[in-house]
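Student: Contents of query_17.cif (mmCIF, C-alpha atoms; chains and numbers go by the auth columns):
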data_structure
loop_
_atom_site.group_PDB
_atom_site.id
_atom_site.type_symbol
_atom_site.label_atom_id
_atom_site.label_comp_id
_atom_site.label_asym_id
_atom_site.label_seq_id
_atom_site.Cartn_x
_atom_site.Cartn_y
_atom_site.Cartn_z
_atom_site.B_iso_or_equiv
_atom_site.auth_seq_id
_atom_site.auth_asym_id
ATOM 1 C CA MET A 1 -0.929 -6.444 -18.497 0.00 1 C
ATOM 2 C CA GLU A 2 -3.614 -5.614 -15.947 0.00 2 C
ATOM 3 C CA ALA A 3 -2.482 -5.015 -12.370 0.00 3 C
ATOM 4 C CA GLN A 4 -3.687 -7.626 -9.905 0.00 4 C
ATOM 5 C CA GLY A 5 -3.817 -5.941 -6.549 0.00 5 C
ATOM 6 C CA ILE A 6 -5.931 -5.208 -3.532 0.00 6 C
ATOM 7 C CA ARG A 7 -9.110 -3.203 -4.043 0.00 7 C
ATOM 8 C CA THR A 8 -9.961 -0.275 -1.779 0.00 8 C
ATOM 9 C CA ALA A 9 -12.856 -2.183 -0.196 0.00 9 C
ATOM 10 C CA GLN A 10 -10.322 -4.777 1.033 0.00 10 C
ATOM 11 C CA LEU A 11 -8.257 -2.190 2.937 0.00 11 C
ATOM 12 C CA ARG A 12 -8.610 -1.296 6.598 0.00 12 C
ATOM 13 C CA ILE A 13 -7.155 1.605 8.554 0.00 13 C
ATOM 14 C CA GLY A 14 -3.823 0.449 9.959 0.00 14 C
ATOM 15 C CA ASP A 15 -2.985 -1.943 7.085 0.00 15 C
ATOM 16 C CA GLU A 16 0.603 -1.723 5.882 0.00 16 C
ATOM 17 C CA ILE A 17 0.636 -1.548 2.091 0.00 17 C
ATOM 18 C CA GLU A 18 2.981 -1.163 -0.844 0.00 18 C
ATOM 19 C CA ALA A 19 2.032 0.662 -4.049 0.00 19 C
ATOM 20 C CA TRP A 20 3.768 -0.596 -7.212 0.00 20 C
ATOM 21 C CA HIS A 21 3.828 0.711 -10.775 0.00 21 C
ATOM 22 C CA ARG A 22 5.500 -1.127 -13.675 0.00 22 C
ATOM 23 C CA GLY A 23 7.484 -3.335 -11.321 0.00 23 C
ATOM 24 C CA LYS A 24 8.814 -0.492 -9.157 0.00 24 C
ATOM 25 C CA LEU A 25 7.879 0.290 -5.572 0.00 25 C
ATOM 26 C CA PHE A 26 6.503 3.847 -5.417 0.00 26 C
ATOM 27 C CA HIS A 27 5.046 4.058 -1.905 0.00 27 C
ATOM 28 C CA ARG A 28 4.968 2.033 1.280 0.00 28 C
ATOM 29 C CA GLY A 29 3.072 2.974 4.391 0.00 29 C
ATOM 30 C CA ARG A 30 0.170 2.613 6.799 0.00 30 C
ATOM 31 C CA VAL A 31 -3.413 3.193 5.621 0.00 31 C
ATOM 32 C CA THR A 32 -4.901 6.191 7.461 0.00 32 C
ATOM 33 C CA ASP A 33 -8.265 6.612 5.697 0.00 33 C
ATOM 34 C CA VAL A 34 -10.345 4.693 3.136 0.00 34 C
ATOM 35 C CA VAL A 35 -13.119 5.948 0.845 0.00 35 C
ATOM 36 C CA PRO A 36 -14.364 2.728 -0.837 0.00 36 C
ATOM 37 C CA HIS A 37 -17.139 4.344 -2.918 0.00 37 C
ATOM 38 C CA LEU A 38 -14.533 6.603 -4.587 0.00 38 C
ATOM 39 C CA GLU A 39 -11.879 3.834 -4.797 0.00 39 C
ATOM 40 C CA LEU A 40 -9.354 6.078 -3.002 0.00 40 C
ATOM 41 C CA PHE A 41 -7.361 5.847 0.205 0.00 41 C
ATOM 42 C CA TRP A 42 -4.640 7.686 2.104 0.00 42 C
ATOM 43 C CA ILE A 43 -1.435 6.357 3.586 0.00 43 C
ATOM 44 C CA LEU A 44 1.244 7.782 5.840 0.00 44 C
ATOM 45 C CA ASP A 45 4.305 7.268 3.638 0.00 45 C
ATOM 46 C CA ALA A 46 7.023 5.393 5.537 0.00 46 C
ATOM 47 C CA ARG A 47 9.870 7.081 3.645 0.00 47 C
ATOM 48 C CA THR A 48 8.780 10.721 3.751 0.00 48 C
ATOM 49 C CA GLY A 49 6.286 10.808 6.623 0.00 49 C
ATOM 50 C CA ALA A 50 3.855 12.634 4.312 0.00 50 C
ATOM 51 C CA ARG A 51 0.208 11.750 3.896 0.00 51 C
ATOM 52 C CA LYS A 52 -0.434 10.454 0.346 0.00 52 C
ATOM 53 C CA LEU A 53 -3.691 9.959 -1.544 0.00 53 C
ATOM 54 C CA LEU A 54 -3.452 6.794 -3.655 0.00 54 C
ATOM 55 C CA ASP A 55 -5.576 5.557 -6.529 0.00 55 C
ATOM 56 C CA PRO A 56 -5.599 1.742 -6.890 0.00 56 C
ATOM 57 C CA GLU A 57 -6.676 2.156 -10.533 0.00 57 C
ATOM 58 C CA ALA A 58 -3.222 3.637 -11.284 0.00 58 C
ATOM 59 C CA LEU A 59 -1.112 1.504 -8.931 0.00 59 C
ATOM 60 C CA GLU A 60 -0.896 -2.130 -7.922 0.00 60 C
ATOM 61 C CA ILE A 61 -1.639 -2.238 -4.198 0.00 61 C
ATOM 62 C CA ARG A 62 -0.246 -5.079 -2.093 0.00 62 C
ATOM 63 C CA HIS A 63 -0.222 -5.760 1.618 0.00 63 C
ATOM 64 C CA ALA A 64 3.352 -5.260 2.825 0.00 64 C
ATOM 65 C CA GLU A 65 4.919 -8.419 4.131 0.00 65 C
ATOM 66 C CA ASP A 66 6.026 -8.278 7.721 0.00 66 C
ATOM 67 C CA THR A 67 9.774 -8.112 8.081 0.00 67 C
ATOM 68 C CA VAL A 68 10.923 -11.229 9.844 0.00 68 C
ATOM 69 C CA THR A 69 14.196 -11.097 11.723 0.00 69 C
ATOM 70 C CA PRO A 70 15.985 -14.447 11.595 0.00 70 C
ATOM 71 C CA PRO A 71 16.825 -15.949 14.976 0.00 71 C
ATOM 72 C CA LEU A 72 20.350 -15.444 16.271 0.00 72 C
ATOM 73 C CA ALA A 73 22.629 -18.438 16.034 0.00 73 C
ATOM 74 C CA THR A 74 23.602 -19.873 19.387 0.00 74 C
ATOM 75 C CA ALA A 75 27.134 -21.075 19.940 0.00 75 C
#
How does this structure look as structure tokens?
Tutor:
Amino acid sequence: MEAQGIRTAQLRIGDEIEAWHRGKLFHRGRVTDVVPHLELFWILDARTGARKLLDPEALEIRHAEDTVTPPLATA
């Protein structure tokens, strides 16, 4: 099965992404730098705070969905 994800050229600095491999979430974070001609980009990992270099050829890259907080019920 070929991964269907976002290509590096579709990413912008500041995008929130998730990196998946075989159905498991490996990284989530904010894009800090993009090198489209090398098909590589860096993120600031949300879990560890470390800067990570990611290869979209090895991972399925998705834009992270915004977390929506449901409205509070009124009594």
Student: Evaluate the PyMOL selection byres ((chain C and resi 64) around 9) on the structure here and hand back the selected residues as an MDAnalysis selection string.
Tutor: chainID C and resid 15:18 28:29 62:63 65:67
Student: Between C:Ile13, C:Gly49, C:Thr32, C:Leu40, which has the minimum distance to Ile61 of chain C (counting only C-alpha atoms)?
Tutor: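 So, comparing all the options, the nearest one is C:Leu40.
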Student: With distances taken over all atoms listed in the file, which residue among C:Arg47, C:Leu59, C:Thr8, C:His21 lies nearest Asp33 of chain C?
Tutor: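 Residue with the minimum atom-to-atom distance to Asp33 of chain C: C:Thr8.
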Student: Let me know the residues the PyMOL selection byres ((chain C and resi 51-55) around 9) catches in the file above, as an MDAnalysis selection string.
Tutor: chainID C and resid 8 19 27 32 39:45 48:50 56:59
Student: Please enclose the listed atoms of segment 31-46 of chain C in an axis-aligned box, pad each side by 3 Å, and write out the centre and the three edge lengths in Å, rounded to one decimal, as AutoDock Vina command-line options.
Tutor:
--center_x -5.1 --center_y 5.3 --center_z 1.3 --size_x 30.2 --size_y 11.1 --size_z 18.3
